[in-house]
Amino acid sequence: MKTTRSNHSFGHYPNLIKGIEPEGPDHIWCADITYIRVKKEFLYLAVLMDLFTRAIGGWELSRSLTEELTLAALRKALAAHPAPKIHHSDHGMQYAAGRYVELLRAKGVQISMA
């Protein structure tokens, strides 16, 4: 099952973390989505992980793969931790969509994608 749709009309961003190591906690957060099969359906898990500590800063589970799923995980992470310097993800539309990007920019976070 493919969870990333990168041929969307939202913005694409450069890979800002290639070749660098995180300097400390909340320097780089990595975001991803995975799916979990439960009986005859799939649940989607959106997670934000601090690349330095490997701690999960925020997560959300849903039956739908939407921008709201990733936005809820991001809001949880931002409520519990200082905003990172860099947010890194794949080019999936959930991470490039308007409200998600707007929230990152409002917090002064640089967006990185690969």
# chains A, B, ... in the order shown; residues from 1 in each chain; ligands from 1
>>> select_by_dssp(residues="chain A", states="alpha helix (DSSP H)", output="JSON, numbers by chain")
{"A": [67, 68, 69, 70, 71, 72, 73, 74, 75, 76, 77, 78, 79, 80, 93, 94, 95, 96, 98, 99, 100, 101, 102, 103, 104, 105, 106]}
>>> select_by_dssp(residues="region 7-104 of chain A", states="strand (DSSP E)", output="number ranges by chain")
A: 28-38, 41-50, 56-62, 86-89
>>> write_last_selection(atoms="N, CA and C atoms", output="compact mmCIF listing (two decimals), in the first residue's frame")
# COMPACT_ATOMS: atom_id res chain seq x y z
N ILE A 28 15.86 18.93 14.76
CA ILE A 28 15.22 18.35 13.57
C ILE A 28 14.14 17.36 14.03
N TRP A 29 12.94 17.58 13.54
CA TRP A 29 11.87 16.60 13.72
C TRP A 29 11.63 15.93 12.37
N CYS A 30 11.42 14.63 12.40
CA CYS A 30 11.07 13.87 11.20
C CYS A 30 9.63 13.40 11.32
N ALA A 31 8.88 13.53 10.25
CA ALA A 31 7.47 13.15 10.25
C ALA A 31 7.25 12.04 9.23
N ASP A 32 6.39 11.10 9.59
CA ASP A 32 6.05 10.03 8.66
C ASP A 32 4.69 9.46 9.02
N ILE A 33 4.15 8.72 8.06
CA ILE A 33 2.87 8.05 8.22
C ILE A 33 3.07 6.58 7.91
N THR A 34 2.48 5.72 8.71
CA THR A 34 2.48 4.30 8.42
C THR A 34 1.04 3.80 8.54
N TYR A 35 0.80 2.64 8.00
CA TYR A 35 -0.54 2.07 8.11
C TYR A 35 -0.46 0.78 8.89
N ILE A 36 -1.53 0.48 9.61
CA ILE A 36 -1.61 -0.70 10.45
C ILE A 36 -2.88 -1.44 10.07
N ARG A 37 -2.73 -2.70 9.71
CA ARG A 37 -3.92 -3.48 9.36
C ARG A 37 -4.57 -3.99 10.64
N VAL A 38 -5.85 -3.71 10.78
CA VAL A 38 -6.64 -4.17 11.92
C VAL A 38 -7.88 -4.86 11.34
N GLU A 41 -9.56 -3.69 7.90
CA GLU A 41 -9.36 -2.29 7.53
C GLU A 41 -7.95 -1.84 7.90
N PHE A 42 -7.62 -0.64 7.47
CA PHE A 42 -6.33 -0.05 7.80
C PHE A 42 -6.54 1.18 8.66
N LEU A 43 -5.65 1.35 9.61
CA LEU A 43 -5.57 2.58 10.39
C LEU A 43 -4.27 3.26 10.00
N TYR A 44 -4.27 4.57 10.03
CA TYR A 44 -3.09 5.35 9.65
C TYR A 44 -2.53 6.03 10.89
N LEU A 45 -1.22 5.90 11.07
CA LEU A 45 -0.53 6.47 12.22
C LEU A 45 0.45 7.53 11.72
N ALA A 46 0.22 8.77 12.14
CA ALA A 46 1.13 9.87 11.81
C ALA A 46 1.99 10.12 13.05
N VAL A 47 3.31 10.21 12.85
CA VAL A 47 4.25 10.34 13.96
C VAL A 47 5.26 11.43 13.66
N LEU A 48 5.63 12.19 14.70
CA LEU A 48 6.74 13.14 14.62
C LEU A 48 7.80 12.69 15.63
N MET A 49 9.02 12.51 15.15
CA MET A 49 10.11 12.03 15.99
C MET A 49 11.24 13.05 16.01
N ASP A 50 11.79 13.30 17.20
CA ASP A 50 12.96 14.15 17.33
C ASP A 50 14.16 13.33 16.85
N ILE A 56 9.33 10.21 20.41
CA ILE A 56 8.14 10.56 19.66
C ILE A 56 7.52 11.79 20.32
N GLY A 57 7.46 12.87 19.57
CA GLY A 57 6.94 14.12 20.12
C GLY A 57 5.45 14.27 19.98
N GLY A 58 4.88 13.67 18.96
CA GLY A 58 3.45 13.75 18.73
C GLY A 58 3.01 12.65 17.78
N TRP A 59 1.79 12.20 17.95
CA TRP A 59 1.25 11.17 17.06
C TRP A 59 -0.27 11.28 17.01
N GLU A 60 -0.82 10.71 15.96
CA GLU A 60 -2.28 10.66 15.81
C GLU A 60 -2.63 9.42 15.00
N LEU A 61 -3.73 8.78 15.35
CA LEU A 61 -4.20 7.58 14.68
C LEU A 61 -5.58 7.87 14.08
N SER A 62 -5.80 7.41 12.84
CA SER A 62 -7.07 7.70 12.16
C SER A 62 -7.41 6.62 11.15
N ILE A 86 14.04 22.58 12.16
CA ILE A 86 13.74 21.97 10.85
C ILE A 86 12.70 20.86 11.03
N HIS A 87 11.73 20.83 10.12
CA HIS A 87 10.74 19.75 10.04
C HIS A 87 11.02 19.02 8.73
N HIS A 88 11.29 17.71 8.82
CA HIS A 88 11.63 16.92 7.63
C HIS A 88 10.58 15.83 7.41
N SER A 89 10.20 15.66 6.15
CA SER A 89 9.23 14.62 5.78
C SER A 89 9.47 14.20 4.34
>>> residues_around(residues="region 99-106 of chain A", least_positions_apart="2", cutoff="9 Å", atoms="only C-alpha atoms", output="PyMOL selection string")
chain A and resi 67-68+70-71+74-75+83+87+94-97+108-111
>>> closest_residue(among="A:Lys76, A:Lys85, A:Lys40, A:His91", to="Glu23 (chain A)", atoms="only C-alpha atoms")
A:Lys85
>>> residues_around(residues="Leu51 (chain A)", least_positions_apart="4", cutoff="9 Å", atoms="only C-alpha atoms", output="PyMOL selection string")
chain A and resi 21-22+24-30+55
>>> residues_around(residues="Lys18 (chain A)", least_positions_apart="5", cutoff="10 Å", atoms="only C-alpha atoms", output="NGL selection string")
:A and (112-114)
>>> write_last_selection(atoms="N, CA and C atoms", output="mmCIF file, in the first residue's frame")
data_model
loop_
_atom_site.group_PDB
_atom_site.id
_atom_site.type_symbol
_atom_site.label_atom_id
_atom_site.label_comp_id
_atom_site.auth_asym_id
_atom_site.auth_seq_id
_atom_site.Cartn_x
_atom_site.Cartn_y
_atom_site.Cartn_z
ATOM 1 N N SER A 112 11.762 20.860 5.255
ATOM 2 C CA SER A 112 12.697 20.024 4.500
ATOM 3 C C SER A 112 11.950 18.786 4.025
ATOM 4 N N MET A 113 12.188 18.388 2.776
ATOM 5 C CA MET A 113 11.549 17.185 2.233
ATOM 6 C C MET A 113 12.533 16.389 1.393
ATOM 7 N N ALA A 114 12.323 15.093 1.384
ATOM 8 C CA ALA A 114 13.146 14.212 0.541
ATOM 9 C C ALA A 114 12.282 13.109 -0.033
#
